[in-house]
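Novice: Have a peek at target18.cif (mmCIF, C-alpha atoms).
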data_entry
loop_
_atom_site.label_atom_id
_atom_site.label_comp_id
_atom_site.auth_asym_id
_atom_site.auth_seq_id
_atom_site.Cartn_x
_atom_site.Cartn_y
_atom_site.Cartn_z
CA MET A 14 27.47 -55.45 -35.81
CA ASP A 15 30.41 -54.81 -38.13
CA LEU A 16 33.44 -57.08 -37.65
CA THR A 17 35.44 -55.54 -40.50
CA THR A 18 39.08 -55.39 -39.43
CA ASP A 19 42.03 -53.44 -40.81
CA VAL A 20 45.16 -55.41 -39.97
CA GLY A 21 48.71 -55.21 -41.26
CA GLY A 22 47.73 -53.31 -44.40
CA LEU A 23 44.75 -55.52 -45.28
CA LYS A 24 40.99 -55.18 -44.82
CA LEU A 25 39.23 -58.30 -43.52
CA LYS A 26 35.50 -58.99 -43.25
CA ASN A 27 36.16 -60.45 -39.79
CA PRO A 28 39.28 -60.90 -37.62
CA THR A 29 39.68 -64.68 -38.09
CA ILE A 30 42.53 -66.00 -40.26
CA LEU A 31 43.59 -69.51 -41.21
CA ALA A 32 47.08 -70.09 -39.76
CA ALA A 33 49.98 -71.22 -41.94
CA GLY A 34 50.39 -74.95 -42.54
CA ILE A 35 46.74 -75.83 -41.90
CA LEU A 36 44.88 -76.84 -45.09
CA GLY A 37 47.13 -74.44 -46.96
CA THR A 38 48.86 -76.73 -49.44
CA GLY A 39 46.49 -76.09 -52.35
CA ALA A 40 43.89 -73.71 -53.71
CA ALA A 41 40.98 -76.07 -53.09
CA SER A 42 41.65 -76.39 -49.36
CA LEU A 43 42.14 -72.65 -48.96
CA LYS A 44 38.86 -71.92 -50.73
CA ARG A 45 37.10 -74.47 -48.53
CA VAL A 46 38.22 -72.54 -45.43
CA VAL A 47 36.94 -69.29 -46.96
CA GLN A 48 33.54 -70.92 -47.52
CA HIS A 49 33.44 -71.67 -43.78
CA GLY A 50 33.88 -68.07 -42.74
CA ALA A 51 37.58 -67.20 -42.54
CA GLY A 52 38.37 -63.52 -42.98
CA ALA A 53 41.71 -64.37 -44.62
CA VAL A 54 43.91 -67.40 -45.25
CA VAL A 55 47.64 -68.08 -44.94
CA THR A 56 49.27 -70.71 -47.15
CA LYS A 57 51.68 -73.41 -46.08
CA SER A 58 55.27 -72.13 -46.02
CA THR A 59 57.12 -72.25 -49.33
CA GLY A 60 60.86 -72.02 -49.94
CA VAL A 61 63.48 -71.89 -52.69
CA SER A 62 63.88 -75.63 -53.31
CA PRO A 63 61.64 -78.69 -52.94
CA ARG A 64 61.81 -80.32 -49.49
CA GLU A 65 60.46 -83.71 -48.48
CA GLY A 66 60.47 -82.80 -44.81
CA HIS A 67 61.28 -85.06 -41.87
CA PRO A 68 60.66 -88.83 -41.80
CA GLY A 69 57.43 -90.03 -40.21
CA PRO A 70 55.68 -90.03 -37.92
CA VAL A 71 55.33 -86.27 -38.40
CA LEU A 72 52.08 -85.59 -36.52
CA ILE A 73 50.58 -87.03 -33.33
CA LYS A 74 47.64 -86.08 -31.11
CA THR A 75 48.41 -85.19 -27.51
CA GLU A 76 46.18 -84.64 -24.49
CA HIS A 77 45.74 -80.96 -25.27
CA GLY A 78 46.74 -80.45 -28.88
CA PHE A 79 49.15 -81.78 -31.48
CA LEU A 80 52.86 -82.46 -31.86
CA ASN A 81 54.22 -82.03 -35.36
CA ALA A 82 57.63 -82.22 -36.99
CA MET A 83 56.87 -81.71 -40.66
CA GLY A 84 60.23 -80.19 -41.56
CA LEU A 85 58.84 -77.59 -43.97
CA PRO A 86 57.91 -79.97 -46.83
CA ASN A 87 57.01 -78.02 -49.98
CA PRO A 88 57.32 -78.21 -53.77
CA SER A 89 59.31 -74.92 -53.99
CA TYR A 90 57.90 -71.55 -54.96
CA HIS A 91 58.33 -72.38 -58.66
CA GLU A 92 55.67 -75.09 -58.38
CA PHE A 93 53.43 -73.22 -55.93
CA VAL A 94 52.79 -70.14 -58.07
CA ARG A 95 49.90 -71.80 -59.92
CA GLU A 96 48.15 -72.93 -56.71
CA LEU A 97 48.52 -69.44 -55.28
CA GLU A 98 47.01 -67.91 -58.41
CA MET A 99 44.00 -70.25 -58.19
CA ALA A 100 43.54 -69.53 -54.47
CA LYS A 101 42.75 -65.87 -55.07
CA GLY A 102 39.14 -65.04 -54.31
CA ASP A 103 36.84 -63.27 -51.89
CA VAL A 104 39.27 -62.80 -48.99
CA PRO A 105 42.97 -61.88 -48.72
CA VAL A 106 45.46 -64.69 -49.36
CA ILE A 107 48.74 -64.36 -47.48
CA ALA A 108 51.74 -66.34 -48.74
CA SER A 109 53.88 -67.85 -46.00
CA ILE A 110 57.53 -68.09 -47.06
CA PHE A 111 60.81 -69.27 -45.56
CA GLY A 112 64.51 -69.21 -46.37
CA SER A 113 67.93 -69.66 -44.83
CA ASP A 114 68.86 -65.99 -45.19
CA ALA A 115 67.56 -62.66 -46.46
CA ARG A 116 68.56 -63.45 -50.03
CA GLU A 117 66.46 -66.62 -50.13
CA PHE A 118 63.47 -64.86 -48.57
CA GLU A 119 63.75 -62.18 -51.25
CA GLU A 120 63.96 -64.76 -54.05
CA VAL A 121 60.84 -66.58 -52.86
CA ALA A 122 58.90 -63.36 -52.36
CA LEU A 123 59.76 -62.09 -55.83
CA GLY A 124 58.95 -65.46 -57.37
CA LEU A 125 55.55 -65.71 -55.72
CA SER A 126 54.77 -62.08 -56.53
CA LYS A 127 53.83 -63.35 -60.01
CA ALA A 128 50.69 -64.78 -58.37
CA SER A 129 49.86 -61.46 -56.68
CA PRO A 130 49.37 -62.58 -53.06
CA ASP A 131 47.76 -59.95 -50.85
CA ALA A 132 50.62 -60.11 -48.33
CA PHE A 133 53.61 -62.18 -47.25
CA GLU A 134 54.08 -63.85 -43.87
CA LEU A 135 57.76 -64.50 -43.13
CA ASN A 136 58.23 -67.78 -41.30
CA LEU A 137 60.91 -66.94 -38.75
CA SER A 138 59.48 -69.25 -36.14
CA CYS A 139 59.34 -72.92 -37.19
CA PRO A 140 61.01 -74.80 -34.29
CA HIS A 141 62.02 -78.03 -36.04
CA ALA A 142 63.83 -77.16 -39.30
CA GLU A 143 67.53 -76.60 -38.70
CA GLY A 144 68.86 -73.49 -40.40
CA TYR A 145 65.40 -72.04 -40.94
CA GLY A 146 62.51 -70.60 -38.93
CA ALA A 147 63.30 -70.04 -35.27
CA THR A 148 67.02 -70.44 -35.95
CA LEU A 149 66.78 -67.02 -37.61
CA GLY A 150 63.85 -65.65 -35.59
CA THR A 151 65.77 -65.66 -32.32
CA ASP A 152 68.32 -63.16 -33.67
CA PRO A 153 66.99 -59.57 -33.76
CA ARG A 154 69.61 -58.50 -36.32
CA LYS A 155 68.62 -61.23 -38.76
CA VAL A 156 64.91 -60.55 -38.20
CA LYS A 157 65.39 -56.88 -39.03
CA GLU A 158 67.53 -57.66 -42.09
CA ILE A 159 65.09 -60.21 -43.52
CA ALA A 160 62.03 -58.03 -42.89
CA LYS A 161 63.73 -55.02 -44.50
CA THR A 162 64.93 -57.01 -47.51
CA VAL A 163 61.50 -58.45 -48.30
CA LYS A 164 59.70 -55.17 -47.59
CA ASN A 165 61.95 -53.36 -50.06
CA ALA A 166 61.43 -56.07 -52.68
CA VAL A 167 57.63 -56.28 -52.77
CA ASP A 168 54.73 -53.83 -52.91
CA VAL A 169 52.33 -55.67 -50.57
CA PRO A 170 52.21 -55.87 -46.76
CA VAL A 171 54.82 -57.96 -44.97
CA TRP A 172 54.07 -59.82 -41.73
CA VAL A 173 56.70 -61.52 -39.57
CA LYS A 174 55.78 -64.67 -37.64
CA LEU A 175 57.74 -64.91 -34.40
CA PRO A 176 58.68 -67.85 -32.16
CA PRO A 177 57.79 -67.91 -28.45
CA LEU A 178 60.66 -66.20 -26.65
CA ALA A 179 61.40 -64.68 -23.27
CA ASN A 180 62.55 -61.56 -25.15
CA ILE A 181 59.84 -61.58 -27.81
CA ALA A 182 59.33 -57.81 -27.59
CA GLU A 183 62.96 -57.27 -28.61
CA VAL A 184 62.54 -59.45 -31.69
CA GLY A 185 59.20 -57.81 -32.45
CA LEU A 186 60.82 -54.40 -32.35
CA ALA A 187 63.47 -55.64 -34.77
CA ALA A 188 60.72 -56.70 -37.20
CA GLN A 189 59.08 -53.30 -36.80
CA GLU A 190 62.39 -51.51 -37.45
CA GLY A 191 62.79 -53.63 -40.57
CA GLY A 192 59.51 -52.25 -41.93
CA ALA A 193 57.11 -55.09 -41.11
CA ASP A 194 53.44 -54.12 -41.28
CA ALA A 195 52.50 -56.63 -38.57
CA VAL A 196 53.91 -59.42 -36.43
CA VAL A 197 52.26 -62.78 -35.85
CA ALA A 198 52.74 -64.55 -32.51
CA ILE A 199 53.34 -67.36 -31.93
CA ASN A 200 54.39 -70.55 -33.71
CA THR A 201 54.49 -73.95 -32.02
CA ILE A 202 56.58 -74.63 -28.89
CA PRO A 203 59.47 -77.15 -29.04
CA ALA A 204 58.28 -80.40 -27.44
CA MET A 205 58.41 -84.19 -27.72
CA ALA A 206 56.75 -87.49 -26.79
CA ILE A 207 58.26 -90.91 -25.99
CA ASP A 208 56.74 -94.34 -26.56
CA VAL A 209 57.02 -96.11 -23.20
CA GLU A 210 56.92 -99.58 -24.79
CA SER A 211 59.90 -99.06 -27.09
CA GLY A 212 61.61 -96.28 -25.17
CA TYR A 213 62.07 -94.26 -28.36
CA PRO A 214 60.79 -90.78 -29.27
CA ILE A 215 57.58 -91.08 -31.28
CA LEU A 216 58.23 -88.37 -33.85
CA GLY A 217 60.60 -89.25 -36.67
CA ASN A 218 62.54 -86.07 -35.92
CA LYS A 219 62.42 -86.81 -32.18
CA VAL A 220 61.52 -83.19 -31.35
CA GLY A 221 58.62 -81.27 -32.86
CA GLY A 222 56.33 -78.36 -32.14
CA LEU A 223 53.39 -78.37 -29.72
CA SER A 224 50.20 -76.62 -30.81
CA GLY A 225 46.66 -76.42 -29.51
CA ALA A 226 45.03 -75.44 -26.23
CA ALA A 227 48.13 -76.19 -24.16
CA ILE A 228 50.06 -73.24 -25.61
CA LYS A 229 47.34 -70.60 -25.39
CA PRO A 230 48.59 -69.00 -22.14
CA VAL A 231 52.09 -68.70 -23.61
CA ALA A 232 50.77 -67.16 -26.84
CA LEU A 233 48.59 -64.74 -24.90
CA ARG A 234 51.57 -63.56 -22.84
CA CYS A 235 53.63 -63.02 -25.97
CA VAL A 236 50.87 -61.03 -27.66
CA TYR A 237 50.36 -58.91 -24.54
CA GLU A 238 54.06 -58.02 -24.38
CA LEU A 239 54.28 -57.29 -28.10
CA CYS A 240 51.23 -55.03 -28.04
CA ALA A 241 52.73 -53.06 -25.16
CA ALA A 242 56.01 -52.53 -27.01
CA LEU A 243 55.14 -52.17 -30.72
CA ASN A 244 53.40 -49.57 -32.85
CA ILE A 245 52.42 -52.03 -35.60
CA ASP A 246 49.60 -54.58 -35.56
CA VAL A 247 49.97 -57.83 -33.63
CA ILE A 248 48.14 -60.95 -34.82
CA GLY A 249 47.60 -63.57 -32.13
CA VAL A 250 47.80 -67.32 -32.75
CA GLY A 251 48.15 -70.32 -30.48
CA GLY A 252 45.43 -72.45 -28.91
CA ILE A 253 42.48 -70.36 -30.11
CA SER A 254 39.37 -72.49 -30.54
CA SER A 255 36.45 -70.39 -29.21
CA TRP A 256 35.14 -66.86 -29.26
CA LYS A 257 36.25 -66.44 -25.64
CA ASP A 258 39.82 -67.30 -26.62
CA ALA A 259 39.63 -64.74 -29.43
CA ILE A 260 38.27 -62.05 -27.11
CA GLU A 261 41.16 -62.64 -24.70
CA PHE A 262 43.69 -62.03 -27.45
CA ILE A 263 41.85 -58.93 -28.65
CA MET A 264 41.70 -57.59 -25.09
CA ALA A 265 45.45 -58.20 -24.87
CA GLY A 266 45.79 -55.92 -27.90
CA ALA A 267 45.68 -58.24 -30.92
CA THR A 268 44.18 -56.74 -34.06
CA ALA A 269 43.24 -60.16 -35.48
CA ILE A 270 43.72 -63.84 -34.66
CA GLU A 271 44.87 -66.91 -36.57
CA ILE A 272 43.38 -70.38 -36.04
CA GLY A 273 45.25 -73.63 -36.61
CA SER A 274 44.76 -76.83 -34.61
CA ALA A 275 41.08 -76.11 -33.89
CA VAL A 276 40.31 -76.59 -37.59
CA HIS A 277 40.94 -80.31 -37.06
CA ASP A 278 37.89 -80.59 -34.82
CA ASP A 279 35.55 -78.23 -36.69
CA ILE A 280 36.18 -76.35 -39.91
CA ASN A 281 33.26 -74.09 -38.94
CA VAL A 282 35.42 -72.65 -36.16
CA PHE A 283 35.92 -69.41 -38.12
CA ARG A 284 32.20 -68.77 -38.50
CA ASN A 285 31.47 -69.84 -34.91
CA ILE A 286 34.13 -67.55 -33.45
CA SER A 287 32.91 -64.58 -35.50
CA LYS A 288 29.34 -65.25 -34.38
CA GLY A 289 30.42 -65.47 -30.75
CA ILE A 290 32.41 -62.24 -30.95
CA MET A 291 29.44 -60.48 -32.50
CA GLN A 292 27.07 -61.67 -29.77
CA PHE A 293 29.56 -60.62 -27.09
CA LEU A 294 29.88 -57.13 -28.57
CA GLU A 295 26.12 -56.74 -28.98
CA LYS A 296 25.55 -57.77 -25.38
CA ARG A 297 28.18 -55.28 -24.17
CA ARG A 298 27.04 -52.64 -26.68
CA CYS A 299 30.60 -52.02 -27.79
CA THR A 300 32.88 -52.52 -30.79
CA LEU A 301 36.06 -54.42 -31.54
CA ASP A 302 38.03 -51.20 -31.20
CA GLY A 303 36.30 -50.59 -27.89
CA ILE A 304 37.62 -53.78 -26.29
CA ARG A 305 40.97 -54.02 -28.07
CA GLY A 306 43.82 -53.64 -25.63
CA VAL A 307 41.67 -53.05 -22.54
CA ALA A 308 43.92 -55.42 -20.58
CA GLN A 309 46.82 -53.05 -21.24
CA LYS A 310 45.17 -50.18 -19.33
#
Rewrite the coordinates I just gave you, this time as structure tokens.

Specialist:
Amino acid sequence: MDLTTDVGGLKLKNPTILAAGILGTGAASLKRVVQHGAGAVVTKSTGVSPREGHPGPVLIKTEHGFLNAMGLPNPSYHEFVRELEMAKGDVPVIASIFGSDAREFEEVALGLSKASPDAFELNLSCPHAEGYGATLGTDPRKVKEIAKTVKNAVDVPVWVKLPPLANIAEVGLAAQEGGADAVVAINTIPAMAIDVESGYPILGNKVGGLSGAAIKPVALRCVYELCAALNIDVIGVGGISSWKDAIEFIMAGATAIEIGSAVHDDINVFRNISKGIMQFLEKRRCTLDGIRGVAQK
């Protein structure tokens, strides 16, 4: 059974992708994920200037996932070029980038182009970095402008990562109008936790982003609505930890899926999901294309 997938201008050996921010800070960690079966990898988001991120704690385990408020820590694209060059290998490497406006996105994309990434993923969805991420991703005009600016500046595919929104199809259409080759949905959901002994929020930033199994139904709804409205590929992410989860997203219309929090429990999740998808397709005597979007009919 062939799981080769064409998504957003790239060819993958299987539809599983490492999500941004998960083991994506260096070449060694990215290559480790590839060795465990990922069809592609996305780096941690990189910007114009070095950022230390938010004060700790920045990550806590919850009943059904994780809360994080990293604050986009990164060494800047100037320092990340070398790691990106060393990460190149057997599968596509997608560089996740962020900025405060279209000009900064363009600068980072052009700077990282020296390392020849296979694609760029525009982080317009981080929920806990003021002035970045979802601050921009909730405005269709800014989404279109940023997507168009980066697309005109580089000669590789451009993906746009969207935040969970009630009007996500509108923002997705803006990305499509800007020339994006694919959209990625979704990022974490704004959330928080409070320590009952002290009465204070646990995260250093007070509010962070919820990931993991708890957000899967929200992500699935977003993907379903995007697939119904857009003509470009939709990549699903949010709470995917099993082949059944992946099949749901594909049936909703997703061309591929990204995996984040589940890597914490088992780095073999990429290989296991691909194996499960293959067994499902063999049992049904069908193909990925045969089941993709069936829930839309």

Novice: Pick from A:Glu120, A:Arg305, A:Ala100, A:Asp152: nearest to Ala41 of chain A, with only C-alpha atoms counted?

Specialist: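 Smallest distance to Ala41 of chain A is found for A:Ala100.
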
Novice: Report as a list in words all protein, DNA and RNA residues lying within 8 Å of segment 286-297 of chain A, evaluated on all atoms listed in the file, omitting residues in the same chain fewer than 5 positions from it.

Specialist: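 Returned residues: Met14, Leu16, Asn27, Pro28, Thr29, Ser254, Ser255, Trp256, Lys257, Ala259 and Ile260 of chain A.
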
Novice: Could you tell me which residues the PyMOL selection byres ((chain A and resi 175) around 9) returns for this structure, as a ChimeraX atom specification?

Specialist: /A:135-139,146-147,150-151,173-174,176-178,181,184-185,196-200

Novice: At what distance in Å, to one decimal, does atom CA of Ala166 of chain A lie from atom CA of Leu239 of chain A?

Specialist: 25.6 Å

Novice: I need the output of the PyMOL selection byres ((chain A and resi 277) around 12) for this file as an MDAnalysis selection string; which residues are they?

Specialist: chainID A and resid 31 35:36 46 74 78:79 224:225 254 272:276 278:282

Novice: So what does the PyMOL selection byres ((chain A and resi 263-268) around 6) actually pick up in this one, as number ranges by chain?

Specialist: A: 237, 240, 247-249, 260-262, 269, 304-308

Novice: Given the choices A:Lys127, A:Arg45, A:Lys219, A:Lys101, which gets closest to Leu72 of chain A if the distance is worked out from all atoms listed in the file?

Specialist: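 Nearest to Leu72 of chain A: A:Lys219.
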
Novice: Between atom CA of Leu123 of chain A and atom CA of Glu183 of chain A, what is the distance in Å, rounded to a tenth?

Specialist: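 Between these atoms lies a distance of 27.8 Å.
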
Novice: Once you count all atoms listed in the file, what closest atom pair and distance in Å to one decimal does each residue of segment 138-185 of chain A within 12 Å of segment 191-195 of chain A have, with rows by chain and rising residue number, as CSV?

Specialist:
residue,atom,partner,partner_atom,distance
A:Pro153,CA,A:Gly191,CA,10.0
A:Arg154,CA,A:Gly191,CA,9.4
A:Lys155,CA,A:Gly191,CA,9.7
A:Val156,CA,A:Gly191,CA,7.6
A:Lys157,CA,A:Gly191,CA,4.4
A:Glu158,CA,A:Gly191,CA,6.4
A:Ile159,CA,A:Gly191,CA,7.6
A:Ala160,CA,A:Gly191,CA,5.0
A:Lys161,CA,A:Gly191,CA,4.3
A:Thr162,CA,A:Gly191,CA,8.0
A:Val163,CA,A:Ala193,CA,9.1
A:Lys164,CA,A:Gly192,CA,6.4
A:Asn165,CA,A:Gly192,CA,8.6
A:Ala166,CA,A:Gly192,CA,11.6
A:Val167,CA,A:Gly192,CA,11.7
A:Asp168,CA,A:Asp194,CA,11.7
A:Val169,CA,A:Asp194,CA,9.5
A:Pro170,CA,A:Asp194,CA,5.9
A:Val171,CA,A:Ala193,CA,5.3
A:Trp172,CA,A:Ala195,CA,4.8
A:Val173,CA,A:Ala195,CA,6.5
A:Lys174,CA,A:Ala195,CA,8.7
A:Leu175,CA,A:Ala195,CA,10.6
A:Val184,CA,A:Gly191,CA,10.6
A:Gly185,CA,A:Ala195,CA,9.2

Novice: Could you check which of A:Asp114, A:Asp103, A:Glu98, A:Glu143 is closest to Gly84 of chain A, using all atoms listed in the file?

Specialist: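 Among A:Asp114, A:Asp103, A:Glu98, A:Glu143, it is A:Glu143 that comes nearest to Gly84 of chain A.
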
Novice: What's the separation between atom CA of Phe93 of chain A and atom CA of Phe111 of chain A, in Å to one decimal place?

Specialist: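 Computed distance, atom CA of Phe93 of chain A to atom CA of Phe111 of chain A, equals 13.3 Å.
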
Novice: Kindly indicate which residue among A:Tyr145, A:Thr18, A:Ala206, A:Asp131 lies nearest to Phe118 of chain A, using all atoms listed in the file for the distances.

Specialist: A:Tyr145

Novice: Please determine, counting all atoms listed in the file, which residue among A:Pro130, A:Gly60, A:Pro68, A:Gly50 has the shortest atom-to-atom distance to Ile110 of chain A.

Specialist: A:Gly60

Novice: Since fewer atoms than expected are present, regenerate N, CA and C atoms for segment 44-56 of chain A and write them as a JSON list (two decimals), in the coordinates of the input.

Specialist:
[["chain", "number", "residue", "atom", "x", "y", "z"],
["A", 44, "LYS", "N", 40.20, -72.40, -50.40],
["A", 44, "LYS", "CA", 38.86, -71.92, -50.73],
["A", 44, "LYS", "C", 37.80, -72.56, -49.83],
["A", 45, "ARG", "N", 38.04, -73.80, -49.43],
["A", 45, "ARG", "CA", 37.10, -74.47, -48.53],
["A", 45, "ARG", "C", 37.03, -73.74, -47.19],
["A", 46, "VAL", "N", 38.18, -73.28, -46.69],
["A", 46, "VAL", "CA", 38.22, -72.54, -45.43],
["A", 46, "VAL", "C", 37.47, -71.22, -45.58],
["A", 47, "VAL", "N", 37.64, -70.55, -46.71],
["A", 47, "VAL", "CA", 36.94, -69.29, -46.96],
["A", 47, "VAL", "C", 35.42, -69.51, -46.92],
["A", 48, "GLN", "N", 34.97, -70.61, -47.51],
["A", 48, "GLN", "CA", 33.54, -70.92, -47.52],
["A", 48, "GLN", "C", 32.98, -71.12, -46.11],
["A", 49, "HIS", "N", 33.87, -71.45, -45.16],
["A", 49, "HIS", "CA", 33.44, -71.67, -43.78],
["A", 49, "HIS", "C", 33.71, -70.46, -42.89],
["A", 50, "GLY", "N", 33.92, -69.30, -43.51],
["A", 50, "GLY", "CA", 33.88, -68.07, -42.74],
["A", 50, "GLY", "C", 35.17, -67.37, -42.41],
["A", 51, "ALA", "N", 36.32, -67.86, -42.86],
["A", 51, "ALA", "CA", 37.58, -67.20, -42.54],
["A", 51, "ALA", "C", 37.66, -65.82, -43.19],
["A", 52, "GLY", "N", 38.21, -64.87, -42.45],
["A", 52, "GLY", "CA", 38.37, -63.52, -42.98],
["A", 52, "GLY", "C", 39.58, -63.37, -43.88],
["A", 53, "ALA", "N", 40.52, -64.31, -43.77],
["A", 53, "ALA", "CA", 41.71, -64.37, -44.62],
["A", 53, "ALA", "C", 42.34, -65.74, -44.44],
["A", 54, "VAL", "N", 43.25, -66.10, -45.35],
["A", 54, "VAL", "CA", 43.91, -67.40, -45.25],
["A", 54, "VAL", "C", 45.41, -67.24, -45.47],
["A", 55, "VAL", "N", 46.19, -68.06, -44.76],
["A", 55, "VAL", "CA", 47.64, -68.08, -44.94],
["A", 55, "VAL", "C", 48.01, -69.45, -45.51],
["A", 56, "THR", "N", 48.86, -69.46, -46.51],
["A", 56, "THR", "CA", 49.27, -70.71, -47.15],
["A", 56, "THR", "C", 50.28, -71.46, -46.29]]
